[in-house]
$ cat run-v3.pdb   # PDB, C-alpha atoms
ATOM      1  CA  MET A 141     235.795 -91.883 198.259  1.00  0.00           C
ATOM      2  CA  ALA A 142     236.708 -90.864 194.682  1.00  0.00           C
ATOM      3  CA  GLU A 143     233.919 -88.269 194.693  1.00  0.00           C
ATOM      4  CA  ALA A 144     235.287 -86.725 197.915  1.00  0.00           C
ATOM      5  CA  GLN A 145     238.777 -86.473 196.375  1.00  0.00           C
ATOM      6  CA  ARG A 146     237.329 -84.833 193.250  1.00  0.00           C
ATOM      7  CA  LEU A 147     235.494 -82.242 195.369  1.00  0.00           C
ATOM      8  CA  ARG A 148     238.722 -81.465 197.259  1.00  0.00           C
ATOM      9  CA  VAL A 149     240.715 -81.018 194.013  1.00  0.00           C
ATOM     10  CA  GLU A 150     238.174 -78.796 192.212  1.00  0.00           C
ATOM     11  CA  PRO A 151     238.211 -75.862 194.689  1.00  0.00           C
ATOM     12  CA  SER A 152     242.019 -75.734 194.664  1.00  0.00           C
ATOM     13  CA  ALA A 153     242.046 -75.761 190.847  1.00  0.00           C
ATOM     14  CA  ILE A 154     239.428 -72.988 190.776  1.00  0.00           C
ATOM     15  CA  HIS A 155     241.437 -71.002 193.323  1.00  0.00           C
ATOM     16  CA  ALA A 156     244.646 -71.318 191.246  1.00  0.00           C
ATOM     17  CA  ARG A 157     242.801 -70.295 188.088  1.00  0.00           C
ATOM     18  CA  ALA A 158     241.271 -67.280 189.852  1.00  0.00           C
ATOM     19  CA  LEU A 159     244.722 -66.163 191.036  1.00  0.00           C
ATOM     20  CA  ASP A 160     246.076 -66.464 187.492  1.00  0.00           C
ATOM     21  CA  GLU A 161     243.205 -64.352 186.170  1.00  0.00           C
ATOM     22  CA  LEU A 162     243.749 -61.711 188.874  1.00  0.00           C
ATOM     23  CA  ARG A 163     247.450 -61.518 187.949  1.00  0.00           C
ATOM     24  CA  PHE A 164     246.510 -61.108 184.287  1.00  0.00           C
ATOM     25  CA  ILE A 165     244.014 -58.336 185.125  1.00  0.00           C
ATOM     26  CA  ARG A 166     246.592 -56.545 187.300  1.00  0.00           C
ATOM     27  CA  ARG A 167     249.250 -56.705 184.532  1.00  0.00           C
ATOM     28  CA  THR A 168     246.737 -55.464 181.955  1.00  0.00           C
ATOM     29  CA  MET A 169     245.719 -52.514 184.146  1.00  0.00           C
ATOM     30  CA  GLU A 170     249.359 -51.633 184.850  1.00  0.00           C
ATOM     31  CA  ASN A 171     250.183 -51.654 181.137  1.00  0.00           C
ATOM     32  CA  ALA A 172     247.092 -49.677 180.122  1.00  0.00           C
ATOM     33  CA  GLY A 173     247.169 -46.993 182.816  1.00  0.00           C
ATOM     34  CA  SER A 174     248.977 -43.691 182.947  1.00  0.00           C
ATOM     35  CA  PHE A 175     252.034 -43.011 185.071  1.00  0.00           C
ATOM     36  CA  THR A 176     250.936 -40.820 187.973  1.00  0.00           C
ATOM     37  CA  ALA A 177     254.113 -40.867 190.077  1.00  0.00           C
ATOM     38  CA  VAL A 178     255.612 -37.712 188.543  1.00  0.00           C
ATOM     39  CA  SER A 179     256.191 -35.587 191.646  1.00  0.00           C
ATOM     40  CA  GLY A 180     254.875 -32.044 191.434  1.00  0.00           C
ATOM     41  CA  LEU A 181     256.641 -31.038 194.652  1.00  0.00           C
ATOM     42  CA  ALA A 182     259.950 -32.303 193.250  1.00  0.00           C
ATOM     43  CA  GLY A 183     259.191 -30.363 190.052  1.00  0.00           C
ATOM     44  CA  VAL A 184     258.789 -27.156 192.074  1.00  0.00           C
ATOM     45  CA  ALA A 185     262.099 -27.847 193.853  1.00  0.00           C
ATOM     46  CA  MET A 186     263.798 -28.519 190.503  1.00  0.00           C
ATOM     47  CA  GLY A 187     262.463 -25.215 189.196  1.00  0.00           C
ATOM     48  CA  LEU A 188     263.866 -23.359 192.210  1.00  0.00           C
ATOM     49  CA  ILE A 189     267.260 -25.013 191.697  1.00  0.00           C
ATOM     50  CA  ALA A 190     267.230 -23.964 188.021  1.00  0.00           C
ATOM     51  CA  GLY A 191     266.231 -20.397 188.919  1.00  0.00           C
ATOM     52  CA  ILE A 192     269.136 -20.085 191.348  1.00  0.00           C
ATOM     53  CA  ALA A 193     271.481 -21.657 188.774  1.00  0.00           C
ATOM     54  CA  ALA A 194     270.400 -19.111 186.144  1.00  0.00           C
ATOM     55  CA  LEU A 195     271.217 -16.237 188.519  1.00  0.00           C
ATOM     56  CA  LEU A 196     274.606 -17.686 189.420  1.00  0.00           C
ATOM     57  CA  ALA A 197     275.538 -18.745 185.877  1.00  0.00           C
ATOM     58  CA  SER A 198     274.769 -15.344 184.368  1.00  0.00           C
ATOM     59  CA  SER A 199     277.552 -13.786 186.443  1.00  0.00           C
ATOM     60  CA  ARG A 200     280.194 -16.460 185.759  1.00  0.00           C
ATOM     61  CA  PRO A 201     283.231 -15.002 183.948  1.00  0.00           C
ATOM     62  CA  THR A 202     284.168 -17.999 181.772  1.00  0.00           C
ATOM     63  CA  PRO A 203     282.299 -20.633 179.742  1.00  0.00           C
ATOM     64  CA  GLY A 204     283.822 -23.334 181.976  1.00  0.00           C
ATOM     65  CA  ALA A 205     282.490 -21.715 185.155  1.00  0.00           C
ATOM     66  CA  TRP A 206     279.121 -21.127 183.464  1.00  0.00           C
ATOM     67  CA  ILE A 207     278.701 -24.737 182.360  1.00  0.00           C
ATOM     68  CA  SER A 208     279.936 -26.050 185.732  1.00  0.00           C
ATOM     69  CA  THR A 209     277.137 -24.134 187.449  1.00  0.00           C
ATOM     70  CA  TRP A 210     274.535 -25.682 185.187  1.00  0.00           C
ATOM     71  CA  ILE A 211     275.983 -29.192 185.487  1.00  0.00           C
ATOM     72  CA  VAL A 212     275.826 -28.994 189.302  1.00  0.00           C
ATOM     73  CA  ALA A 213     272.237 -27.729 189.034  1.00  0.00           C
ATOM     74  CA  ALA A 214     271.337 -30.551 186.619  1.00  0.00           C
ATOM     75  CA  ALA A 215     272.798 -33.174 188.981  1.00  0.00           C
ATOM     76  CA  LEU A 216     270.889 -31.712 191.947  1.00  0.00           C
ATOM     77  CA  GLY A 217     267.688 -31.490 189.908  1.00  0.00           C
ATOM     78  CA  PHE A 218     268.055 -35.066 188.700  1.00  0.00           C
ATOM     79  CA  ALA A 219     268.564 -36.309 192.276  1.00  0.00           C
ATOM     80  CA  VAL A 220     265.557 -34.353 193.568  1.00  0.00           C
ATOM     81  CA  GLY A 221     263.319 -35.461 190.680  1.00  0.00           C
ATOM     82  CA  THR A 222     264.315 -39.122 191.047  1.00  0.00           C
ATOM     83  CA  ALA A 223     263.836 -39.107 194.821  1.00  0.00           C
ATOM     84  CA  GLY A 224     260.445 -37.406 194.454  1.00  0.00           C
ATOM     85  CA  MET A 225     259.296 -39.954 191.883  1.00  0.00           C
ATOM     86  CA  ILE A 226     260.447 -42.925 193.995  1.00  0.00           C
ATOM     87  CA  PHE A 227     258.726 -41.524 197.098  1.00  0.00           C
ATOM     88  CA  LYS A 228     255.450 -40.780 195.293  1.00  0.00           C
ATOM     89  CA  ALA A 229     255.443 -44.159 193.517  1.00  0.00           C
ATOM     90  CA  LYS A 230     255.970 -46.022 196.804  1.00  0.00           C
ATOM     91  CA  ARG A 231     253.263 -44.006 198.535  1.00  0.00           C
ATOM     92  CA  ALA A 232     250.796 -44.696 195.708  1.00  0.00           C
ATOM     93  CA  GLY A 233     251.856 -48.322 195.199  1.00  0.00           C
ATOM     94  CA  VAL A 234     252.728 -47.617 191.547  1.00  0.00           C
ATOM     95  CA  PRO A 235     255.574 -49.660 189.983  1.00  0.00           C
ATOM     96  CA  LEU A 236     258.398 -47.579 188.527  1.00  0.00           C
ATOM     97  CA  LEU A 237     259.952 -50.268 186.361  1.00  0.00           C
ATOM     98  CA  ARG A 238     256.823 -51.883 184.907  1.00  0.00           C
ATOM     99  CA  GLY A 239     253.932 -50.758 182.722  1.00  0.00           C
ATOM    100  CA  PRO A 240     253.466 -46.968 182.371  1.00  0.00           C
ATOM    101  CA  GLY A 241     256.384 -46.234 184.731  1.00  0.00           C
ATOM    102  CA  LEU A 242     258.813 -48.100 182.507  1.00  0.00           C
ATOM    103  CA  ARG A 243     257.385 -46.468 179.363  1.00  0.00           C
ATOM    104  CA  PHE A 244     257.756 -43.041 181.005  1.00  0.00           C
ATOM    105  CA  LEU A 245     261.423 -43.705 181.792  1.00  0.00           C
ATOM    106  CA  LEU A 246     262.122 -45.150 178.326  1.00  0.00           C
ATOM    107  CA  GLY A 247     260.556 -42.077 176.702  1.00  0.00           C
ATOM    108  CA  LEU A 248     262.426 -39.626 178.925  1.00  0.00           C
ATOM    109  CA  SER A 249     265.908 -41.181 178.919  1.00  0.00           C
ATOM    110  CA  PRO A 250     267.103 -41.096 175.254  1.00  0.00           C
ATOM    111  CA  PRO A 251     266.792 -37.299 174.808  1.00  0.00           C
ATOM    112  CA  LEU A 252     268.621 -36.770 178.122  1.00  0.00           C
ATOM    113  CA  VAL A 253     271.472 -39.038 177.012  1.00  0.00           C
ATOM    114  CA  VAL A 254     271.689 -37.167 173.684  1.00  0.00           C
ATOM    115  CA  GLY A 255     271.655 -33.862 175.596  1.00  0.00           C
ATOM    116  CA  ALA A 256     274.624 -34.985 177.718  1.00  0.00           C
ATOM    117  CA  LEU A 257     276.556 -36.045 174.598  1.00  0.00           C
ATOM    118  CA  LEU A 258     275.839 -32.772 172.770  1.00  0.00           C
ATOM    119  CA  THR A 259     276.811 -30.800 175.880  1.00  0.00           C
ATOM    120  CA  LEU A 260     280.252 -32.404 175.811  1.00  0.00           C
ATOM    121  CA  VAL A 261     280.699 -31.905 172.051  1.00  0.00           C
ATOM    122  CA  LEU A 262     279.452 -28.296 171.936  1.00  0.00           C
ATOM    123  CA  PHE A 263     281.526 -27.304 174.965  1.00  0.00           C
ATOM    124  CA  GLN A 264     284.681 -28.869 173.482  1.00  0.00           C
ATOM    125  CA  ARG A 265     284.097 -26.923 170.266  1.00  0.00           C
ATOM    126  CA  GLY A 266     283.441 -23.668 172.104  1.00  0.00           C
ATOM    127  CA  VAL A 267     279.837 -23.327 170.921  1.00  0.00           C
ATOM    128  CA  THR A 268     278.314 -22.852 174.383  1.00  0.00           C
ATOM    129  CA  ASP A 269     275.777 -20.277 173.143  1.00  0.00           C
ATOM    130  CA  LEU A 270     273.825 -23.211 171.588  1.00  0.00           C
ATOM    131  CA  LEU A 271     273.610 -25.114 174.873  1.00  0.00           C
ATOM    132  CA  PRO A 272     270.538 -23.398 176.419  1.00  0.00           C
ATOM    133  CA  GLY A 273     268.411 -24.119 173.346  1.00  0.00           C
ATOM    134  CA  THR A 274     269.817 -27.637 173.036  1.00  0.00           C
ATOM    135  CA  TRP A 275     269.059 -28.412 176.690  1.00  0.00           C
ATOM    136  CA  LEU A 276     265.540 -27.018 176.569  1.00  0.00           C
ATOM    137  CA  THR A 277     264.531 -28.698 173.318  1.00  0.00           C
ATOM    138  CA  LEU A 278     265.909 -32.108 174.310  1.00  0.00           C
ATOM    139  CA  TYR A 279     264.626 -31.993 177.901  1.00  0.00           C
ATOM    140  CA  GLY A 280     261.251 -30.849 176.577  1.00  0.00           C
ATOM    141  CA  THR A 281     261.269 -33.678 174.028  1.00  0.00           C
ATOM    142  CA  GLY A 282     261.967 -36.198 176.785  1.00  0.00           C
ATOM    143  CA  ILE A 283     259.140 -34.831 178.895  1.00  0.00           C
ATOM    144  CA  VAL A 284     256.742 -34.956 175.917  1.00  0.00           C
ATOM    145  CA  THR A 285     257.650 -38.532 174.952  1.00  0.00           C
ATOM    146  CA  GLY A 286     257.773 -39.807 178.530  1.00  0.00           C
ATOM    147  CA  GLY A 287     254.761 -37.723 179.483  1.00  0.00           C
ATOM    148  CA  ALA A 288     252.653 -39.369 176.779  1.00  0.00           C
ATOM    149  CA  HIS A 289     252.237 -42.100 179.432  1.00  0.00           C
ATOM    150  CA  SER A 290     251.532 -39.679 182.287  1.00  0.00           C
ATOM    151  CA  VAL A 291     249.012 -37.014 183.272  1.00  0.00           C
ATOM    152  CA  ARG A 292     248.190 -34.364 180.650  1.00  0.00           C
ATOM    153  CA  VAL A 293     250.069 -31.463 182.236  1.00  0.00           C
ATOM    154  CA  VAL A 294     253.416 -33.298 181.819  1.00  0.00           C
ATOM    155  CA  PRO A 295     253.558 -33.395 177.985  1.00  0.00           C
ATOM    156  CA  VAL A 296     252.078 -29.866 177.843  1.00  0.00           C
ATOM    157  CA  MET A 297     254.951 -28.656 180.032  1.00  0.00           C
ATOM    158  CA  GLY A 298     257.408 -30.482 177.753  1.00  0.00           C
ATOM    159  CA  LEU A 299     255.960 -28.784 174.693  1.00  0.00           C
ATOM    160  CA  GLY A 300     256.401 -25.398 176.369  1.00  0.00           C
ATOM    161  CA  LEU A 301     260.062 -26.203 177.045  1.00  0.00           C
ATOM    162  CA  MET A 302     260.570 -27.195 173.408  1.00  0.00           C
ATOM    163  CA  ILE A 303     259.111 -23.861 172.257  1.00  0.00           C
ATOM    164  CA  LEU A 304     261.385 -21.932 174.622  1.00  0.00           C
ATOM    165  CA  GLY A 305     264.327 -24.036 173.394  1.00  0.00           C
ATOM    166  CA  ALA A 306     263.535 -23.064 169.813  1.00  0.00           C
ATOM    167  CA  ALA A 307     263.445 -19.400 170.878  1.00  0.00           C
ATOM    168  CA  ALA A 308     266.857 -19.799 172.537  1.00  0.00           C
ATOM    169  CA  LEU A 309     268.337 -21.433 169.428  1.00  0.00           C
ATOM    170  CA  LEU A 310     266.913 -18.827 167.039  1.00  0.00           C
ATOM    171  CA  GLY A 311     267.257 -15.735 169.239  1.00  0.00           C
ATOM    172  CA  PRO A 312     270.287 -13.737 170.392  1.00  0.00           C
ATOM    173  CA  ALA A 313     272.955 -15.651 172.342  1.00  0.00           C
ATOM    174  CA  GLY A 314     272.513 -13.338 175.327  1.00  0.00           C
ATOM    175  CA  TRP A 315     269.011 -14.699 175.954  1.00  0.00           C
ATOM    176  CA  GLY A 316     270.325 -18.106 177.089  1.00  0.00           C
ATOM    177  CA  ASP A 317     270.234 -17.772 180.887  1.00  0.00           C
ATOM    178  CA  THR A 318     266.968 -15.819 180.829  1.00  0.00           C
ATOM    179  CA  ILE A 319     265.223 -18.468 178.731  1.00  0.00           C
ATOM    180  CA  LEU A 320     266.677 -21.250 180.890  1.00  0.00           C
ATOM    181  CA  ALA A 321     265.322 -19.440 183.960  1.00  0.00           C
ATOM    182  CA  LEU A 322     261.894 -19.164 182.303  1.00  0.00           C
ATOM    183  CA  GLY A 323     261.769 -22.792 181.174  1.00  0.00           C
ATOM    184  CA  LEU A 324     263.698 -24.875 183.669  1.00  0.00           C
ATOM    185  CA  GLY A 325     262.830 -22.475 186.485  1.00  0.00           C
ATOM    186  CA  GLY A 326     259.404 -20.924 185.967  1.00  0.00           C
ATOM    187  CA  GLY A 327     258.003 -23.649 183.720  1.00  0.00           C
ATOM    188  CA  GLN A 328     258.858 -26.430 186.149  1.00  0.00           C
ATOM    189  CA  ILE A 329     257.564 -24.473 189.148  1.00  0.00           C
ATOM    190  CA  VAL A 330     254.199 -23.848 187.455  1.00  0.00           C
ATOM    191  CA  GLY A 331     253.946 -27.404 186.080  1.00  0.00           C
ATOM    192  CA  GLY A 332     255.012 -28.879 189.412  1.00  0.00           C
ATOM    193  CA  PHE A 333     252.435 -26.808 191.290  1.00  0.00           C
ATOM    194  CA  VAL A 334     249.655 -28.000 188.952  1.00  0.00           C
ATOM    195  CA  ILE A 335     250.740 -31.648 189.320  1.00  0.00           C
ATOM    196  CA  ALA A 336     250.994 -31.344 193.113  1.00  0.00           C
ATOM    197  CA  ARG A 337     247.570 -29.728 193.373  1.00  0.00           C
ATOM    198  CA  ARG A 338     245.661 -31.974 190.959  1.00  0.00           C
ATOM    199  CA  HIS A 339     247.523 -35.276 191.162  1.00  0.00           C
ATOM    200  CA  GLY A 340     248.431 -35.875 194.773  1.00  0.00           C
ATOM    201  CA  GLY A 341     251.796 -34.260 195.410  1.00  0.00           C
TER
END
$ encode --input "run-v3.pdb" --output "structure tokens"
Amino acid sequence: MAEAQRLRVEPSAIHARALDELRFIRRTMENAGSFTAVSGLAGVAMGLIAGIAALLASSRPTPGAWISTWIVAAALGFAVGTAGMIFKAKRAGVPLLRGPGLRFLLGLSPPLVVGALLTLVLFQRGVTDLLPGTWLTLYGTGIVTGGAHSVRVVPVMGLGLMILGAAALLGPAGWGDTILALGLGGGQIVGGFVIARRHGG
């Protein structure tokens, strides 16, 4: 009788232990892997939005109208990028708020917050000619730091944006919209196409 009870208890204990080990393995793999839910298709759409914004902004008569155009474009781009990431993560079964996904977001977010703060300060002080370089360098920095936990093309794209941002900061003020079109437009379209083609959308 006691032997029969022992045999019944042992399989359930082994089963519980096996489940614990599987959970541990899953957590370890999530934490060690790279974040693959960056959406290339959303990146292409964001690039198109930025290209249109550059065309519209370049013809705006006042700094207020110019910055409003870019803020609307940034909000649209953010919404498209977020939706694309959520959709791709769900399709691939990749968690957004754990492991590499969380590290990607934590790496990307601080430079974007700083960029928003500097946008407000520089606009209030009338130094809008520094905004294109500021945006590109900080957005590029966020993509590099977040992209360190993603596929290789992501941090490479971020580095390219940082270089263009440096050119905007050091070059003539009139280059701003053109460099924004090259970086936020062309750079994101090319990077998004590569991600979509090589990494599943």
$ atom_distance --input "run-v3.pdb" --atom1 "atom CA of Pro272 of chain A" --atom2 "atom CA of Leu310 of chain A"
11.0 Å
$ atom_distance --input "run-v3.pdb" --atom1 "atom CA of Leu299 of chain A" --atom2 "atom CA of Val254 of chain A"
17.9 Å
$ resolve_selection --input "run-v3.pdb" --expression "the PyMOL selection byres ((chain A and resi 336) around 12)" --output "VMD selection string"
chain A and resid 176 to 185 224 228 291 293 to 294 328 to 335 337 to 341
$ atom_distance --input "run-v3.pdb" --atom1 "atom CA of Ser199 of chain A" --atom2 "atom CA of Ile303 of chain A"
25.4 Å
$ resolve_selection --input "run-v3.pdb" --expression "the PyMOL selection byres ((chain A and resi 307) around 10)" --output "ChimeraX atom specification"
/A:272-273,276-277,301-306,308-312,315-316,319
$ closest_residue --input "run-v3.pdb" --among "A:Gly191, A:Pro295, A:Gly282, A:Gly204" --to "Pro250 of chain A" --atoms "all atoms listed in the file"
A:Gly282
$ closest_residue --input "run-v3.pdb" --among "A:Ser198, A:Thr318, A:Thr222, A:Thr285" --to "Phe244 of chain A" --atoms "all atoms listed in the file"
A:Thr285
$ closest_residue --input "run-v3.pdb" --among "A:Ala190, A:Ala256, A:Leu271, A:Met225" --to "Pro203 of chain A" --atoms "only C-alpha atoms"
A:Leu271
$ axis_aligned_box --input "run-v3.pdb" --around "segment 208-212 of chain A" --padding-each-side "3 Å" --output "AutoDock Vina command-line options"
--center_x 277.2 --center_y -26.7 --center_z 187.2 --size_x 11.4 --size_y 11.1 --size_z 10.1
$ resolve_selection --input "run-v3.pdb" --expression "the PyMOL selection byres ((chain A and resi 194) around 12)" --output "PDB file with C-alpha atoms, keeping the file's coordinate frame"
ATOM      1  CA  GLY A 187     262.463 -25.215 189.196  1.00  0.00           C
ATOM      2  CA  LEU A 188     263.866 -23.359 192.210  1.00  0.00           C
ATOM      3  CA  ILE A 189     267.260 -25.013 191.697  1.00  0.00           C
ATOM      4  CA  ALA A 190     267.230 -23.964 188.021  1.00  0.00           C
ATOM      5  CA  GLY A 191     266.231 -20.397 188.919  1.00  0.00           C
ATOM      6  CA  ILE A 192     269.136 -20.085 191.348  1.00  0.00           C
ATOM      7  CA  ALA A 193     271.481 -21.657 188.774  1.00  0.00           C
ATOM      8  CA  LEU A 195     271.217 -16.237 188.519  1.00  0.00           C
ATOM      9  CA  LEU A 196     274.606 -17.686 189.420  1.00  0.00           C
ATOM     10  CA  ALA A 197     275.538 -18.745 185.877  1.00  0.00           C
ATOM     11  CA  SER A 198     274.769 -15.344 184.368  1.00  0.00           C
ATOM     12  CA  SER A 199     277.552 -13.786 186.443  1.00  0.00           C
ATOM     13  CA  ARG A 200     280.194 -16.460 185.759  1.00  0.00           C
ATOM     14  CA  TRP A 206     279.121 -21.127 183.464  1.00  0.00           C
ATOM     15  CA  ILE A 207     278.701 -24.737 182.360  1.00  0.00           C
ATOM     16  CA  SER A 208     279.936 -26.050 185.732  1.00  0.00           C
ATOM     17  CA  THR A 209     277.137 -24.134 187.449  1.00  0.00           C
ATOM     18  CA  TRP A 210     274.535 -25.682 185.187  1.00  0.00           C
ATOM     19  CA  ILE A 211     275.983 -29.192 185.487  1.00  0.00           C
ATOM     20  CA  VAL A 212     275.826 -28.994 189.302  1.00  0.00           C
ATOM     21  CA  ALA A 213     272.237 -27.729 189.034  1.00  0.00           C
ATOM     22  CA  ALA A 214     271.337 -30.551 186.619  1.00  0.00           C
ATOM     23  CA  PRO A 272     270.538 -23.398 176.419  1.00  0.00           C
ATOM     24  CA  TRP A 315     269.011 -14.699 175.954  1.00  0.00           C
ATOM     25  CA  GLY A 316     270.325 -18.106 177.089  1.00  0.00           C
ATOM     26  CA  ASP A 317     270.234 -17.772 180.887  1.00  0.00           C
ATOM     27  CA  THR A 318     266.968 -15.819 180.829  1.00  0.00           C
ATOM     28  CA  ILE A 319     265.223 -18.468 178.731  1.00  0.00           C
ATOM     29  CA  LEU A 320     266.677 -21.250 180.890  1.00  0.00           C
ATOM     30  CA  ALA A 321     265.322 -19.440 183.960  1.00  0.00           C
ATOM     31  CA  LEU A 322     261.894 -19.164 182.303  1.00  0.00           C
ATOM     32  CA  GLY A 323     261.769 -22.792 181.174  1.00  0.00           C
ATOM     33  CA  LEU A 324     263.698 -24.875 183.669  1.00  0.00           C
ATOM     34  CA  GLY A 325     262.830 -22.475 186.485  1.00  0.00           C
ATOM     35  CA  GLY A 326     259.404 -20.924 185.967  1.00  0.00           C
TER      36      GLY A 326
END
$ closest_residue --input "run-v3.pdb" --among "A:Leu270, A:Met186, A:Leu257, A:Leu242" --to "Ala215 of chain A" --atoms "all atoms listed in the file"
A:Met186
